[in-house]
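Trainee: Handing over coords.cif, mmCIF, C-alpha atoms.
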data_model
loop_
_atom_site.group_PDB
_atom_site.id
_atom_site.type_symbol
_atom_site.label_atom_id
_atom_site.label_comp_id
_atom_site.auth_asym_id
_atom_site.auth_seq_id
_atom_site.Cartn_x
_atom_site.Cartn_y
_atom_site.Cartn_z
ATOM 1 C CA MET K 1 -55.111 -71.643 -23.584
ATOM 2 C CA TYR K 2 -51.575 -72.761 -22.929
ATOM 3 C CA SER K 3 -50.262 -72.622 -19.370
ATOM 4 C CA ARG K 4 -46.888 -71.062 -18.539
ATOM 5 C CA GLU K 5 -45.426 -74.559 -18.127
ATOM 6 C CA GLN K 6 -46.738 -75.666 -21.540
ATOM 7 C CA ILE K 7 -45.318 -72.552 -23.224
ATOM 8 C CA LEU K 8 -41.960 -73.070 -21.535
ATOM 9 C CA GLN K 9 -41.952 -76.702 -22.719
ATOM 10 C CA ILE K 10 -42.804 -75.628 -26.291
ATOM 11 C CA PHE K 11 -39.917 -73.141 -26.170
ATOM 12 C CA LYS K 12 -37.548 -75.890 -25.014
ATOM 13 C CA ASP K 13 -38.847 -78.415 -27.572
ATOM 14 C CA LYS K 14 -38.511 -75.943 -30.461
ATOM 15 C CA GLU K 15 -35.071 -74.801 -29.230
ATOM 16 C CA VAL K 16 -36.272 -71.272 -28.573
ATOM 17 C CA LEU K 17 -34.836 -71.216 -25.037
ATOM 18 C CA LEU K 18 -31.125 -71.848 -25.464
ATOM 19 C CA SER K 19 -28.553 -72.475 -22.758
ATOM 20 C CA GLY K 20 -24.841 -71.820 -23.082
ATOM 21 C CA HIS K 21 -22.740 -68.640 -22.971
ATOM 22 C CA PHE K 22 -24.160 -65.747 -24.980
ATOM 23 C CA ARG K 23 -23.136 -62.171 -25.776
ATOM 24 C CA LEU K 24 -26.355 -60.161 -25.919
ATOM 25 C CA THR K 25 -26.997 -57.169 -28.208
ATOM 26 C CA SER K 26 -26.300 -54.940 -25.199
ATOM 27 C CA GLY K 27 -22.800 -56.465 -24.887
ATOM 28 C CA ARG K 28 -23.728 -58.194 -21.625
ATOM 29 C CA HIS K 29 -23.305 -61.954 -21.178
ATOM 30 C CA ALA K 30 -25.954 -64.521 -20.163
ATOM 31 C CA ALA K 31 -26.303 -68.277 -19.715
ATOM 32 C CA TYR K 32 -29.682 -68.320 -21.504
ATOM 33 C CA TYR K 33 -30.961 -66.821 -24.742
ATOM 34 C CA MET K 34 -34.427 -66.620 -26.308
ATOM 35 C CA GLN K 35 -34.342 -67.190 -30.087
ATOM 36 C CA CYS K 36 -38.035 -66.685 -30.934
ATOM 37 C CA ALA K 37 -37.390 -66.851 -34.675
ATOM 38 C CA ARG K 38 -37.055 -70.604 -34.194
ATOM 39 C CA LEU K 39 -40.640 -70.773 -32.923
ATOM 40 C CA LEU K 40 -41.887 -68.979 -36.027
ATOM 41 C CA GLN K 41 -40.615 -71.877 -38.171
ATOM 42 C CA TYR K 42 -43.622 -73.838 -36.925
ATOM 43 C CA PRO K 43 -46.926 -72.167 -37.900
ATOM 44 C CA ASP K 44 -48.881 -74.997 -36.295
ATOM 45 C CA VAL K 45 -47.435 -73.975 -32.915
ATOM 46 C CA ALA K 46 -46.850 -70.239 -33.428
ATOM 47 C CA GLY K 47 -50.379 -69.681 -34.766
ATOM 48 C CA PRO K 48 -52.171 -70.860 -31.601
ATOM 49 C CA LEU K 49 -49.741 -68.894 -29.419
ATOM 50 C CA CYS K 50 -50.509 -65.748 -31.440
ATOM 51 C CA GLU K 51 -54.221 -66.475 -31.061
ATOM 52 C CA GLN K 52 -53.687 -66.636 -27.301
ATOM 53 C CA MET K 53 -51.852 -63.296 -27.444
ATOM 54 C CA ALA K 54 -54.713 -61.818 -29.492
ATOM 55 C CA SER K 55 -57.335 -63.074 -27.038
ATOM 56 C CA ASN K 56 -55.774 -60.895 -24.328
ATOM 57 C CA PHE K 57 -56.787 -57.811 -26.365
ATOM 58 C CA ALA K 58 -60.018 -59.039 -27.991
ATOM 59 C CA ASP K 59 -62.153 -56.499 -26.084
ATOM 60 C CA GLN K 60 -59.958 -53.454 -26.839
ATOM 61 C CA GLY K 61 -61.379 -52.518 -30.241
ATOM 62 C CA VAL K 62 -58.038 -53.054 -31.980
ATOM 63 C CA THR K 63 -58.050 -51.914 -35.620
ATOM 64 C CA VAL K 64 -54.341 -52.341 -36.428
ATOM 65 C CA VAL K 65 -51.572 -54.622 -35.153
ATOM 66 C CA VAL K 66 -48.006 -53.371 -35.648
ATOM 67 C CA GLY K 67 -44.612 -54.777 -34.759
ATOM 68 C CA PRO K 68 -41.028 -53.691 -35.287
ATOM 69 C CA ALA K 69 -39.271 -55.357 -38.227
ATOM 70 C CA ILE K 70 -38.087 -57.988 -38.589
ATOM 71 C CA GLY K 71 -38.826 -60.369 -35.720
ATOM 72 C CA ALA K 72 -42.351 -59.146 -35.061
ATOM 73 C CA ILE K 73 -43.574 -59.191 -38.678
ATOM 74 C CA PRO K 74 -44.990 -62.750 -38.524
ATOM 75 C CA LEU K 75 -46.382 -62.084 -35.035
ATOM 76 C CA SER K 76 -48.158 -58.961 -36.215
ATOM 77 C CA TYR K 77 -49.646 -60.870 -39.114
ATOM 78 C CA GLU K 78 -50.863 -63.814 -37.011
ATOM 79 C CA VAL K 79 -52.239 -61.684 -34.169
ATOM 80 C CA ALA K 80 -54.006 -59.410 -36.675
ATOM 81 C CA ARG K 81 -55.432 -62.467 -38.436
ATOM 82 C CA ALA K 82 -56.790 -63.745 -35.126
ATOM 83 C CA LEU K 83 -58.371 -60.334 -34.410
ATOM 84 C CA GLY K 84 -59.621 -59.852 -37.978
ATOM 85 C CA VAL K 85 -57.781 -56.531 -38.416
ATOM 86 C CA LYS K 86 -54.979 -54.948 -40.468
ATOM 87 C CA SER K 87 -51.329 -55.898 -39.888
ATOM 88 C CA ILE K 88 -48.407 -53.559 -40.552
ATOM 89 C CA PHE K 89 -44.810 -53.255 -39.416
ATOM 90 C CA ALA K 90 -42.438 -50.438 -38.576
ATOM 91 C CA GLU K 91 -38.824 -50.439 -39.677
ATOM 92 C CA ARG K 92 -35.738 -48.345 -39.223
ATOM 93 C CA GLU K 93 -34.803 -45.810 -41.842
ATOM 94 C CA ASN K 94 -31.568 -43.928 -41.111
ATOM 95 C CA GLY K 95 -31.745 -45.261 -37.551
ATOM 96 C CA VAL K 96 -35.296 -43.991 -36.934
ATOM 97 C CA MET K 97 -38.380 -46.207 -36.579
ATOM 98 C CA THR K 98 -40.811 -45.314 -39.346
ATOM 99 C CA LEU K 99 -43.722 -46.550 -41.425
ATOM 100 C CA ARG K 100 -42.800 -47.274 -45.029
ATOM 101 C CA ARG K 101 -44.250 -49.268 -47.931
ATOM 102 C CA GLY K 102 -47.445 -47.218 -47.899
ATOM 103 C CA PHE K 103 -48.404 -48.266 -44.356
ATOM 104 C CA GLU K 104 -50.536 -45.713 -42.505
ATOM 105 C CA VAL K 105 -52.455 -45.289 -39.274
ATOM 106 C CA SER K 106 -54.836 -42.498 -38.350
ATOM 107 C CA ALA K 107 -56.433 -40.895 -35.315
ATOM 108 C CA GLN K 108 -59.309 -43.384 -35.665
ATOM 109 C CA ASP K 109 -57.007 -46.388 -35.211
ATOM 110 C CA ARG K 110 -56.645 -48.374 -32.001
ATOM 111 C CA VAL K 111 -53.254 -50.032 -32.240
ATOM 112 C CA LEU K 112 -51.843 -53.139 -30.596
ATOM 113 C CA VAL K 113 -48.025 -53.256 -30.654
ATOM 114 C CA VAL K 114 -46.506 -56.761 -30.698
ATOM 115 C CA GLU K 115 -42.958 -58.026 -30.274
ATOM 116 C CA ASP K 116 -41.267 -61.396 -29.962
ATOM 117 C CA VAL K 117 -38.942 -60.654 -27.022
ATOM 118 C CA ILE K 118 -38.523 -57.575 -24.865
ATOM 119 C CA THR K 119 -35.484 -56.999 -22.699
ATOM 120 C CA THR K 120 -35.253 -53.220 -22.401
ATOM 121 C CA GLY K 121 -38.329 -52.487 -24.536
ATOM 122 C CA GLY K 122 -36.490 -49.951 -26.685
ATOM 123 C CA SER K 123 -37.951 -50.963 -30.063
ATOM 124 C CA VAL K 124 -41.465 -51.236 -28.638
ATOM 125 C CA LYS K 125 -41.189 -47.768 -27.094
ATOM 126 C CA GLU K 126 -40.102 -46.390 -30.478
ATOM 127 C CA VAL K 127 -43.092 -48.010 -32.201
ATOM 128 C CA ILE K 128 -45.465 -46.665 -29.522
ATOM 129 C CA ASP K 129 -44.044 -43.161 -30.036
ATOM 130 C CA LEU K 130 -44.380 -43.544 -33.813
ATOM 131 C CA MET K 131 -48.021 -44.626 -33.556
ATOM 132 C CA ARG K 132 -48.851 -41.746 -31.221
ATOM 133 C CA ALA K 133 -47.070 -39.280 -33.520
ATOM 134 C CA GLN K 134 -49.448 -40.466 -36.267
ATOM 135 C CA GLY K 135 -52.408 -39.718 -33.982
ATOM 136 C CA ALA K 136 -53.341 -43.357 -33.282
ATOM 137 C CA THR K 137 -54.310 -44.670 -29.843
ATOM 138 C CA VAL K 138 -52.052 -47.449 -28.540
ATOM 139 C CA VAL K 139 -54.212 -49.871 -26.529
ATOM 140 C CA GLY K 140 -51.520 -52.291 -25.398
ATOM 141 C CA VAL K 141 -48.391 -54.320 -26.008
ATOM 142 C CA GLY K 142 -48.385 -58.070 -26.578
ATOM 143 C CA VAL K 143 -45.170 -60.094 -26.450
ATOM 144 C CA LEU K 144 -44.191 -63.718 -26.590
ATOM 145 C CA VAL K 145 -41.457 -63.305 -23.976
ATOM 146 C CA ASP K 146 -40.906 -60.539 -21.442
ATOM 147 C CA ARG K 147 -37.283 -60.985 -20.332
ATOM 148 C CA SER K 148 -37.634 -58.063 -17.903
ATOM 149 C CA ASN K 149 -40.098 -60.097 -15.805
ATOM 150 C CA GLY K 150 -42.629 -57.260 -15.825
ATOM 151 C CA LYS K 151 -40.220 -54.434 -14.971
ATOM 152 C CA ILE K 152 -40.882 -52.341 -18.105
ATOM 153 C CA ASP K 153 -43.698 -49.794 -18.057
ATOM 154 C CA PHE K 154 -44.934 -48.795 -21.508
ATOM 155 C CA GLY K 155 -47.771 -46.688 -20.127
ATOM 156 C CA VAL K 156 -50.273 -49.146 -21.659
ATOM 157 C CA PRO K 157 -51.243 -52.698 -20.659
ATOM 158 C CA LEU K 158 -48.536 -55.292 -21.327
ATOM 159 C CA SER K 159 -49.436 -58.941 -21.857
ATOM 160 C CA SER K 160 -46.759 -61.582 -22.275
ATOM 161 C CA LEU K 161 -47.167 -65.292 -22.865
ATOM 162 C CA LEU K 162 -44.017 -65.941 -20.870
ATOM 163 C CA SER K 163 -42.394 -63.620 -18.360
ATOM 164 C CA LEU K 164 -39.020 -64.429 -16.871
ATOM 165 C CA GLU K 165 -35.835 -62.758 -15.828
ATOM 166 C CA ILE K 166 -32.674 -63.990 -17.475
ATOM 167 C CA GLU K 167 -29.723 -62.785 -15.460
ATOM 168 C CA SER K 168 -26.998 -61.050 -17.438
ATOM 169 C CA PHE K 169 -23.544 -59.785 -16.558
ATOM 170 C CA ALA K 170 -21.015 -57.226 -17.713
ATOM 171 C CA PRO K 171 -18.279 -59.220 -19.510
ATOM 172 C CA GLU K 172 -15.767 -58.479 -16.746
ATOM 173 C CA ASP K 173 -18.218 -59.871 -14.138
ATOM 174 C CA CYS K 174 -19.398 -62.891 -16.126
ATOM 175 C CA PRO K 175 -19.003 -66.151 -14.156
ATOM 176 C CA LEU K 176 -18.987 -68.154 -17.408
ATOM 177 C CA CYS K 177 -16.035 -66.109 -18.678
ATOM 178 C CA ALA K 178 -14.279 -66.626 -15.343
ATOM 179 C CA GLU K 179 -14.780 -70.401 -15.650
ATOM 180 C CA GLY K 180 -13.424 -70.334 -19.195
ATOM 181 C CA LYS K 181 -15.119 -73.628 -20.126
ATOM 182 C CA ILE K 182 -17.818 -72.418 -22.530
ATOM 183 C CA PRO K 183 -16.880 -69.998 -25.334
ATOM 184 C CA VAL K 184 -19.120 -66.946 -25.726
ATOM 185 C CA VAL K 185 -21.286 -66.815 -28.853
ATOM 186 C CA LYS K 186 -23.302 -63.964 -30.353
ATOM 187 C CA PRO K 187 -26.700 -65.242 -31.489
ATOM 188 C CA GLY K 188 -29.573 -63.117 -32.697
ATOM 189 C CA SER K 189 -30.202 -60.748 -35.539
ATOM 190 C CA ARG K 190 -27.735 -57.957 -34.805
ATOM 191 C CA SER K 191 -23.972 -58.391 -34.868
#
Now that the file is in, can you turn its structure into structure tokens?
Mentor:
Amino acid sequence: MYSREQILQIFKDKEVLLSGHFRLTSGRHAAYYMQCARLLQYPDVAGPLCEQMASNFADQGVTVVVGPAIGAIPLSYEVARALGVKSIFAERENGVMTLRRGFEVSAQDRVLVVEDVITTGGSVKEVIDLMRAQGATVVGVGVLVDRSNGKIDFGVPLSSLLSLEIESFAPEDCPLCAEGKIPVVKPGSRS
């Protein structure tokens, strides 16, 4: 089992935890950004972290692991592999989270929802609602990084490998903008 300090060091070594001046998906600005896709370049590191995530739910009778596309697809696969269960992913179709590609869950399924990073938890909440609409029981949420520092309540147990609060600002209140020394960049998967 990795300690919080070891996970934080891995994230720094693999350039997952970035420092600079970032425009987040929400439009807010921050001095730090978590780019978990960089971690997933390294199966030798990501695999054991996913096994640690899986171990937190080993006694929950999980039958399916699901994550929102695209960032959580490899996480879902690795966590499901560690648990010896099925892996699927949900994706947006016309702006609505849905199961496609023949993926199904049933009332007999006990589902673990996984995600790379949560800030507001919006995508995870949509996946939870989707699973429940299919009749499945959601047993928990596993994430690599909880940027809310435990402030989000999904109504099921939440387990994160790293929990921290990254302060963000409205652009007009951003101290980095006021300094004017570091240009703002928009990382991530959504422009």
Trainee: Please provide the set of residues having any atom within 9 Å of stretch 28-39 of chain K, restricted to all atoms listed in the file, with same-chain residues fewer than 3 positions apart removed, written as a PyMOL selection string.
Mentor: chain K and resi 10-11+14-25+42-43+45-46+71+116-117+144-145+147+166-171+173-174+176-177+184+187-188
Trainee: Using Å and a single decimal, report how far atom CA of K:Asp109 sits from atom CA of K:Val143.
Mentor: 20.1 Å
Trainee: Return as a PDB file with C-alpha atoms, in the coordinates of the input the set of residues that the PyMOL selection byres ((chain K and resi 126) around 10) yields on the displayed structure.
Mentor:
ATOM      1  CA  PRO K  68     -41.028 -53.691 -35.287  1.00  0.00           C
ATOM      2  CA  ALA K  90     -42.438 -50.438 -38.576  1.00  0.00           C
ATOM      3  CA  ARG K  92     -35.738 -48.345 -39.223  1.00  0.00           C
ATOM      4  CA  VAL K  96     -35.296 -43.991 -36.934  1.00  0.00           C
ATOM      5  CA  MET K  97     -38.380 -46.207 -36.579  1.00  0.00           C
ATOM      6  CA  THR K  98     -40.811 -45.314 -39.346  1.00  0.00           C
ATOM      7  CA  GLY K 121     -38.329 -52.487 -24.536  1.00  0.00           C
ATOM      8  CA  GLY K 122     -36.490 -49.951 -26.685  1.00  0.00           C
ATOM      9  CA  SER K 123     -37.951 -50.963 -30.063  1.00  0.00           C
ATOM     10  CA  VAL K 124     -41.465 -51.236 -28.638  1.00  0.00           C
ATOM     11  CA  LYS K 125     -41.189 -47.768 -27.094  1.00  0.00           C
ATOM     12  CA  VAL K 127     -43.092 -48.010 -32.201  1.00  0.00           C
ATOM     13  CA  ILE K 128     -45.465 -46.665 -29.522  1.00  0.00           C
ATOM     14  CA  ASP K 129     -44.044 -43.161 -30.036  1.00  0.00           C
ATOM     15  CA  LEU K 130     -44.380 -43.544 -33.813  1.00  0.00           C
ATOM     16  CA  MET K 131     -48.021 -44.626 -33.556  1.00  0.00           C
ATOM     17  CA  ARG K 132     -48.851 -41.746 -31.221  1.00  0.00           C
TER      18      ARG K 132
END
Trainee: Identify which of the residues K:Leu75, K:Val185, K:Ile88, K:Ala54 lies closest to K:Val105, counting only C-alpha atoms when measuring atom-to-atom distances.
Mentor: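 Among the listed residues, the smallest separation from K:Val105 belongs to K:Ile88.
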Trainee: Give me, please, the distance in Å between atom CA of K:Gln108 and atom CA of K:Val138, quoted to one decimal.
Mentor: 11.0 Å
Trainee: So that I can check the surroundings of K:Glu104, please list as a PyMOL selection string every protein, DNA and RNA residue that reaches within 9 Å of it, counting only C-alpha atoms and ignoring chain neighbours fewer than 4 positions away.
Mentor: chain K and resi 88+99-100+134
Trainee: Mind pulling up the distance from atom CA of K:Ser106 to atom CA of K:Ser76?
Mentor: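 These atoms are spaced 17.9 Å apart.
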Trainee: My list of candidates is K:Val111, K:Ile182, K:Ala136, K:Ile7. Which is closest to K:Leu49 when distances are computed with only C-alpha atoms?
Mentor: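 Among the listed residues, the smallest separation from K:Leu49 belongs to K:Ile7.
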Trainee: Quick one: of K:Leu162, K:Asp59, K:Lys186, K:Gly180, who's nearest to K:Gln6, counting only C-alpha atoms?
Mentor: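 Of K:Leu162, K:Asp59, K:Lys186, K:Gly180, the one nearest K:Gln6, counting only C-alpha atoms, is K:Leu162.
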Trainee: So what does the PyMOL selection byres ((chain K and resi 53) around 9) actually pick up in this one, as a list in words?
Mentor: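 Applying the expression gives Pro48, Leu49, Cys50, Glu51, Gln52, Ala54, Ser55, Asn56, Phe57, Val79, Gly142, Val143, Leu144, Ser159, Ser160 and Leu161 of chain K.
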